[in-house]
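Remarks on the structure that follows.
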2 protein chains.
Amino acid sequence: MDSLTEENYIKSIYALSLATGEVFVSELAKKLNIKQPSVNSMMKRLATKKVVAYAPYKGIRLTEKGKKEALSIIRRHRLAELFLVKVMELGWEEVHDIAEQLEHVDSKRFYSRMDEMLNFPKFDPHGEPIPDSNGKIYTQKRTALSDLVEGLTATIAAVGEDEKSFLDHLNAKGLQIGDTVTLKKRELFDGSVTLQHKSKKEILLTHQVAERIWVE
Amino acid sequence: MDSLTEENYIKSIYALSLATGEVFVSELAKKLNIKQPSVNSMMKRLATKKVVAYAPYKGIRLTEKGKKEALSIIRRHRLAELFLVKVMELGWEEVHDIAEQLEHVDSKRFYSRMDEMLNFPKFDPHGEPIPDSNGKIYTQKRTALSDLVEGLTATIAAVGEDEKSFLDHLNAKGLQIGDTVTLKKRELFDGSVTLQHKSKKEILLTHQVAERIWVE
DNA sequence: TTAAAAAGTTAGACTATTCTAACAAATTAA
DNA sequence: TTAATTTGTTAGAATAGTCTAACTTTTTAA
């Protein structure tokens, strides 16, 4: 069994390694808000536990065992987020911090009940895939709001960003998951889009924001 | 803020002190499965934090601050248990261990939503009162199954025992919260009772068991 | 291609939590 | 009321996780 701290390291290593496969001590230290020597000694520990492959001055890689554990933690996090939004009706911008704690709860039953209650979901409220209990991930094609054809109407399905400031921004604009919007106009100049919202209001989003919103 | 460990100490001190008001190092050590010197040094720590009043060779008492914290933890635990049973439909015998973990989640919103969803309950599935967010406890008169008049029918409302072995025992007997039973016979000799269960089966319970089941 | 910058490592220290061994105080029982 | 038992305390050590200070390697850039 891993400690809560170890789980957080594993999760971060997985997240950082998605792109490159290898993670550096400095990256991990920054992500976890921890100094490099602390990361260094934790890597030695995780290496003896066969969770990471680690050679001095080389990068950090999760072993198969480590990946499995990472996927299990991510599954718990994303199930928890979806549960908090769908069942407990909390705002999508406030569930991240709670899920961060719930993901460490040690109880298969707790998570399998969530899974059942949510009807075995494949994606969390941010549009991220939820690994199944074997660690398998289903991927899908997602359309960003910034790619929607002018004049078309779509439903906001998820957002691709966990940052509170981003979620607060959407809230302030009056956008919610499930809202139906029509793309009135896309500016060629800067890629910003004007939406017609169900509330009758027109909403202007920059490209930077629109590309992080997924629609169906 | 208290650490998870400190919260567990505070909760146990509160539980043990309910009867006598004072708790001894040895009791606490046994309850927490920890050696006496460890308890001793934690008491010193909690004393500097003004959570307990502690004088060497005297007992341990929670301060007002400590009581407040204990009630807050107990509230979270009991809300979580009720939530797990009522909303997530987990068995009453399996929720204790999960609630033990959920009680440490730091999020007012999480608990206030549970409270709302459960319609501001006053008692948990074991019949224990749930303190409100100010730490206030509502008490009620409870009738034990062992005190029910022969021939009367009642509904199982709660049980006064958290032990897994006890809850497993009831499960094995086929008894669930909400079941309606009729007291057919009480043996004067040993106080054991024979019940007529809705399932048509007759169930025999010892006095020791029947006095820990509350009915309405 | 060498010198500055960035990244990584070691050594040593600190806090939280726990333990064992040894001793001290309080309680109980003969 | 003293001796045995129970309870409580101190001292010292261990582990997990983190830090700062002081290097060492690698990388980057002049």
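Ligands are numbered from 1 in the order shown, residues from 1 within each chain, and chains are lettered A, B, ... in the order they appear in the structure tokens.
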Chain B contacts to chain D at 9 Å (only C-alpha atoms (C1' of nucleotides)) as a PyMOL selection string | chain B and resi 24-26+36-37+40+56-57
File dump, residues just selected, N, CA and C atoms, as a short mmCIF file (atom, residue, chain, number, x, y, z; two decimals), in the first residue's frame:
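After the write, selection-v4.cif holds the following:
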```cif
data_model
loop_
_atom_site.label_atom_id
_atom_site.label_comp_id
_atom_site.auth_asym_id
_atom_site.auth_seq_id
_atom_site.Cartn_x
_atom_site.Cartn_y
_atom_site.Cartn_z
N PHE B 24 -8.28 8.03 30.93
CA PHE B 24 -6.93 7.72 31.34
C PHE B 24 -6.08 7.29 30.16
N VAL B 25 -4.80 7.57 30.30
CA VAL B 25 -3.84 7.27 29.24
C VAL B 25 -3.96 5.82 28.78
N SER B 26 -4.10 4.93 29.73
CA SER B 26 -4.16 3.50 29.39
C SER B 26 -5.39 3.17 28.56
N GLN B 36 1.27 3.39 25.46
CA GLN B 36 1.07 4.50 26.39
C GLN B 36 2.01 5.68 26.20
N PRO B 37 3.31 5.45 25.99
CA PRO B 37 4.18 6.62 25.84
C PRO B 37 3.82 7.48 24.63
N ASN B 40 1.00 9.53 25.77
CA ASN B 40 1.52 10.54 26.67
C ASN B 40 2.09 11.74 25.92
N PRO B 56 0.03 15.53 34.65
CA PRO B 56 0.64 14.21 34.85
C PRO B 56 -0.05 13.42 35.97
N TYR B 57 -0.31 12.18 35.72
CA TYR B 57 -0.93 11.26 36.68
C TYR B 57 -2.40 11.56 36.96
#
```
Tell me, which residues of segment 15-172 of chain B carry DSSP helix (DSSP H, G or I), written as a VMD selection string?
-> chain B and resid 15 to 20 25 to 32 36 to 48 64 to 86 95 to 102 108 to 117 145 to 147 164 to 172
Distance filter 9 Å, only C-alpha atoms, chain B against chain A, as a VMD selection string = chain B and resid 84 88 to 90 94 to 95 97 to 98 101 to 102 104 to 107 109 to 110 113 to 114 117
Would you mind exporting the chosen residues as a JSON list (two decimals), in the first residue's frame, restricted to N, CA and C atoms?
```json
[["chain", "number", "residue", "atom", "x", "y", "z"],
["B", 84, "LEU", "N", -23.88, 7.34, 3.29],
["B", 84, "LEU", "CA", -23.47, 6.10, 2.63],
["B", 84, "LEU", "C", -24.62, 5.09, 2.62],
["B", 88, "MET", "N", -26.11, 6.30, -0.93],
["B", 88, "MET", "CA", -25.31, 5.38, -1.74],
["B", 88, "MET", "C", -25.75, 3.93, -1.57],
["B", 89, "GLU", "N", -26.71, 3.73, -0.68],
["B", 89, "GLU", "CA", -27.30, 2.40, -0.48],
["B", 89, "GLU", "C", -26.28, 1.31, -0.18],
["B", 90, "LEU", "N", -25.31, 1.66, 0.64],
["B", 90, "LEU", "CA", -24.37, 0.66, 1.11],
["B", 90, "LEU", "C", -24.96, 0.03, 2.37],
["B", 94, "GLU", "N", -21.16, -2.04, 6.50],
["B", 94, "GLU", "CA", -19.92, -1.74, 5.76],
["B", 94, "GLU", "C", -19.57, -0.25, 5.72],
["B", 95, "VAL", "N", -20.44, 0.60, 6.27],
["B", 95, "VAL", "CA", -20.19, 2.03, 6.13],
["B", 95, "VAL", "C", -19.22, 2.61, 7.15],
["B", 97, "ASP", "N", -16.17, 1.85, 8.24],
["B", 97, "ASP", "CA", -14.78, 2.05, 7.84],
["B", 97, "ASP", "C", -14.62, 3.16, 6.81],
["B", 98, "ILE", "N", -15.62, 3.30, 5.95],
["B", 98, "ILE", "CA", -15.54, 4.36, 4.94],
["B", 98, "ILE", "C", -15.74, 5.72, 5.61],
["B", 101, "GLN", "N", -12.90, 7.33, 7.18],
["B", 101, "GLN", "CA", -12.01, 8.08, 6.29],
["B", 101, "GLN", "C", -12.65, 9.39, 5.83],
["B", 102, "LEU", "N", -13.93, 9.33, 5.52],
["B", 102, "LEU", "CA", -14.60, 10.54, 5.02],
["B", 102, "LEU", "C", -14.66, 11.64, 6.07],
["B", 104, "HIS", "N", -12.54, 12.86, 7.75],
["B", 104, "HIS", "CA", -11.38, 13.75, 7.74],
["B", 104, "HIS", "C", -11.33, 14.66, 6.52],
["B", 105, "VAL", "N", -12.29, 14.51, 5.64],
["B", 105, "VAL", "CA", -12.32, 15.38, 4.46],
["B", 105, "VAL", "C", -12.58, 16.82, 4.91],
["B", 106, "ASP", "N", -11.76, 17.70, 4.41],
["B", 106, "ASP", "CA", -11.85, 19.11, 4.82],
["B", 106, "ASP", "C", -12.62, 19.89, 3.75],
["B", 107, "SER", "N", -13.91, 20.02, 3.94],
["B", 107, "SER", "CA", -14.72, 20.78, 2.99],
["B", 107, "SER", "C", -16.11, 21.03, 3.57],
["B", 109, "ARG", "N", -18.56, 22.59, 2.22],
["B", 109, "ARG", "CA", -19.57, 22.37, 1.20],
["B", 109, "ARG", "C", -19.98, 20.90, 1.10],
["B", 110, "PHE", "N", -18.98, 20.03, 1.17],
["B", 110, "PHE", "CA", -19.23, 18.59, 1.05],
["B", 110, "PHE", "C", -20.22, 18.15, 2.12],
["B", 113, "ARG", "N", -23.82, 19.84, 1.85],
["B", 113, "ARG", "CA", -24.64, 19.21, 0.81],
["B", 113, "ARG", "C", -25.20, 17.87, 1.29],
["B", 114, "MET", "N", -24.37, 17.11, 1.98],
["B", 114, "MET", "CA", -24.87, 15.85, 2.56],
["B", 114, "MET", "C", -26.05, 16.16, 3.47],
["B", 117, "MET", "N", -29.07, 17.01, 1.48],
["B", 117, "MET", "CA", -29.62, 15.85, 0.77],
["B", 117, "MET", "C", -30.33, 14.89, 1.71]]
```
What is the atom CA of Ala70 of chain A-atom CA of Glu93 of chain A distance in Å, reported with one decimal?
-> 23.3 Å
Please indicate the distance in Å from atom CA of Ser17 of chain B to atom CA of Lys67 of chain B, rounded to one decimal place.
->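 Interatomic distance here is 10.4 Å.
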Report the distance between atom CA of Leu167 of chain A and atom CA of Trp92 of chain A in Å, rounded to one decimal place.
->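 For atom CA of Leu167 of chain A relative to atom CA of Trp92 of chain A, the distance reads 7.5 Å.
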With distances taken over only C-alpha atoms (C1' of nucleotides), the candidate from C:DA29, C:DA22, C:DA16, C:DA3 nearest chain B is C:DA16
As a short mmCIF file (atom, residue, chain, number, x, y, z; two decimals) with N, CA and C atoms (P, O5', C5', C4', C3', O3' and C1' of nucleotides), in the first residue's frame, could you give me every residue of chain C near chain A (at most 8 Å apart, counting only C-alpha atoms (C1' of nucleotides))?
```
data_model
loop_
_atom_site.label_atom_id
_atom_site.label_comp_id
_atom_site.auth_asym_id
_atom_site.auth_seq_id
_atom_site.Cartn_x
_atom_site.Cartn_y
_atom_site.Cartn_z
P DA C 7 16.22 23.68 -15.58
"O5'" DA C 7 16.98 22.42 -14.98
"C5'" DA C 7 17.66 21.55 -15.88
"C4'" DA C 7 18.24 20.40 -15.09
"C3'" DA C 7 17.26 19.83 -14.06
"O3'" DA C 7 17.23 18.42 -14.28
"C1'" DA C 7 19.32 20.35 -13.02
P DG C 8 16.56 17.42 -13.25
"O5'" DG C 8 17.82 17.06 -12.33
"C5'" DG C 8 18.91 16.37 -12.90
"C4'" DG C 8 19.80 15.84 -11.81
"C3'" DG C 8 19.03 15.12 -10.69
"O3'" DG C 8 19.68 13.88 -10.46
"C1'" DG C 8 20.40 16.81 -9.78
P DT C 9 19.27 12.89 -9.30
"O5'" DT C 9 20.36 13.20 -8.19
"C5'" DT C 9 21.73 13.29 -8.58
"C4'" DT C 9 22.64 13.46 -7.37
"C3'" DT C 9 22.15 12.71 -6.12
"O3'" DT C 9 23.22 11.90 -5.63
"C1'" DT C 9 22.58 15.00 -5.62
#
```
Please provide the set of residues having any atom within 10 Å of Leu204 of chain A, restricted to only C-alpha atoms (C1' of nucleotides), with same-chain residues fewer than 2 positions apart removed, written as a list in words.
->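 Selected residues are Lys173, Lys184, Lys185, Arg186, Ser192, Val193, Thr194, Leu195, Gln196, Lys201, Glu202, Thr206, His207, Val209 and Ala210 of chain A.
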Export of the given selection (N, CA and C atoms) as a PDB file, in the first residue's frame:
```pdb
ATOM      1  N   LYS A 173     -19.215  34.111 -16.846  1.00  0.00           N
ATOM      2  CA  LYS A 173     -19.817  34.331 -18.166  1.00  0.00           C
ATOM      3  C   LYS A 173     -21.230  33.737 -18.218  1.00  0.00           C
ATOM      4  N   LYS A 184     -22.593  32.104 -33.120  1.00  0.00           N
ATOM      5  CA  LYS A 184     -23.048  33.167 -34.015  1.00  0.00           C
ATOM      6  C   LYS A 184     -21.935  33.608 -34.950  1.00  0.00           C
ATOM      7  N   LYS A 185     -20.751  33.802 -34.382  1.00  0.00           N
ATOM      8  CA  LYS A 185     -19.692  34.381 -35.196  1.00  0.00           C
ATOM      9  C   LYS A 185     -18.313  34.023 -34.661  1.00  0.00           C
ATOM     10  N   ARG A 186     -17.407  33.743 -35.581  1.00  0.00           N
ATOM     11  CA  ARG A 186     -16.023  33.520 -35.167  1.00  0.00           C
ATOM     12  C   ARG A 186     -15.183  34.610 -35.821  1.00  0.00           C
ATOM     13  N   SER A 192     -11.659  34.590 -31.553  1.00  0.00           N
ATOM     14  CA  SER A 192     -12.673  34.678 -30.496  1.00  0.00           C
ATOM     15  C   SER A 192     -14.041  34.366 -31.099  1.00  0.00           C
ATOM     16  N   VAL A 193     -14.962  33.876 -30.253  1.00  0.00           N
ATOM     17  CA  VAL A 193     -16.271  33.473 -30.746  1.00  0.00           C
ATOM     18  C   VAL A 193     -17.386  34.177 -29.971  1.00  0.00           C
ATOM     19  N   THR A 194     -18.476  34.443 -30.708  1.00  0.00           N
ATOM     20  CA  THR A 194     -19.658  35.006 -30.064  1.00  0.00           C
ATOM     21  C   THR A 194     -20.734  33.926 -30.045  1.00  0.00           C
ATOM     22  N   LEU A 195     -21.277  33.688 -28.854  1.00  0.00           N
ATOM     23  CA  LEU A 195     -22.276  32.635 -28.698  1.00  0.00           C
ATOM     24  C   LEU A 195     -23.643  33.238 -28.424  1.00  0.00           C
ATOM     25  N   GLN A 196     -24.657  32.517 -28.890  1.00  0.00           N
ATOM     26  CA  GLN A 196     -26.020  32.834 -28.484  1.00  0.00           C
ATOM     27  C   GLN A 196     -26.343  31.815 -27.402  1.00  0.00           C
ATOM     28  N   LYS A 201     -28.810  35.773 -23.875  1.00  0.00           N
ATOM     29  CA  LYS A 201     -27.658  36.666 -23.856  1.00  0.00           C
ATOM     30  C   LYS A 201     -26.636  36.255 -24.893  1.00  0.00           C
ATOM     31  N   GLU A 202     -25.899  37.238 -25.409  1.00  0.00           N
ATOM     32  CA  GLU A 202     -24.759  36.912 -26.260  1.00  0.00           C
ATOM     33  C   GLU A 202     -23.517  36.866 -25.389  1.00  0.00           C
ATOM     34  N   THR A 206     -12.804  34.301 -25.729  1.00  0.00           N
ATOM     35  CA  THR A 206     -11.565  34.316 -26.508  1.00  0.00           C
ATOM     36  C   THR A 206     -11.295  32.896 -27.006  1.00  0.00           C
ATOM     37  N   HIS A 207     -10.417  32.800 -27.994  1.00  0.00           N
ATOM     38  CA  HIS A 207     -10.056  31.496 -28.548  1.00  0.00           C
ATOM     39  C   HIS A 207      -9.466  30.605 -27.466  1.00  0.00           C
ATOM     40  N   VAL A 209     -10.098  30.441 -24.433  1.00  0.00           N
ATOM     41  CA  VAL A 209     -11.117  29.850 -23.582  1.00  0.00           C
ATOM     42  C   VAL A 209     -11.925  28.817 -24.374  1.00  0.00           C
ATOM     43  N   ALA A 210     -12.330  29.208 -25.605  1.00  0.00           N
ATOM     44  CA  ALA A 210     -13.220  28.347 -26.405  1.00  0.00           C
ATOM     45  C   ALA A 210     -12.581  27.008 -26.748  1.00  0.00           C
TER      46      ALA A 210
END
```
12 Å contact set for Glu6 of chain A, only C-alpha atoms (C1' of nucleotides), chain neighbours under 2 positions out, as number ranges by chain | A: 1-4, 8-13, 32, 39, 41-47, 49, 51-52, 66, 69-70, 73, 104; D: 16-17
Residues of segment 131-176 of chain B in strand (DSSP E) according to DSSP, as a PyMOL selection string?
-> chain B and resi 143-144+153-159
Long-range neighbours of Thr153 of chain B as a VMD selection string, 10 Å cut-off, only C-alpha atoms (C1' of nucleotides), 2 positions minimum in chain | chain B and resid 148 to 151 155 to 156 180 to 184 195 to 197 215 to 216
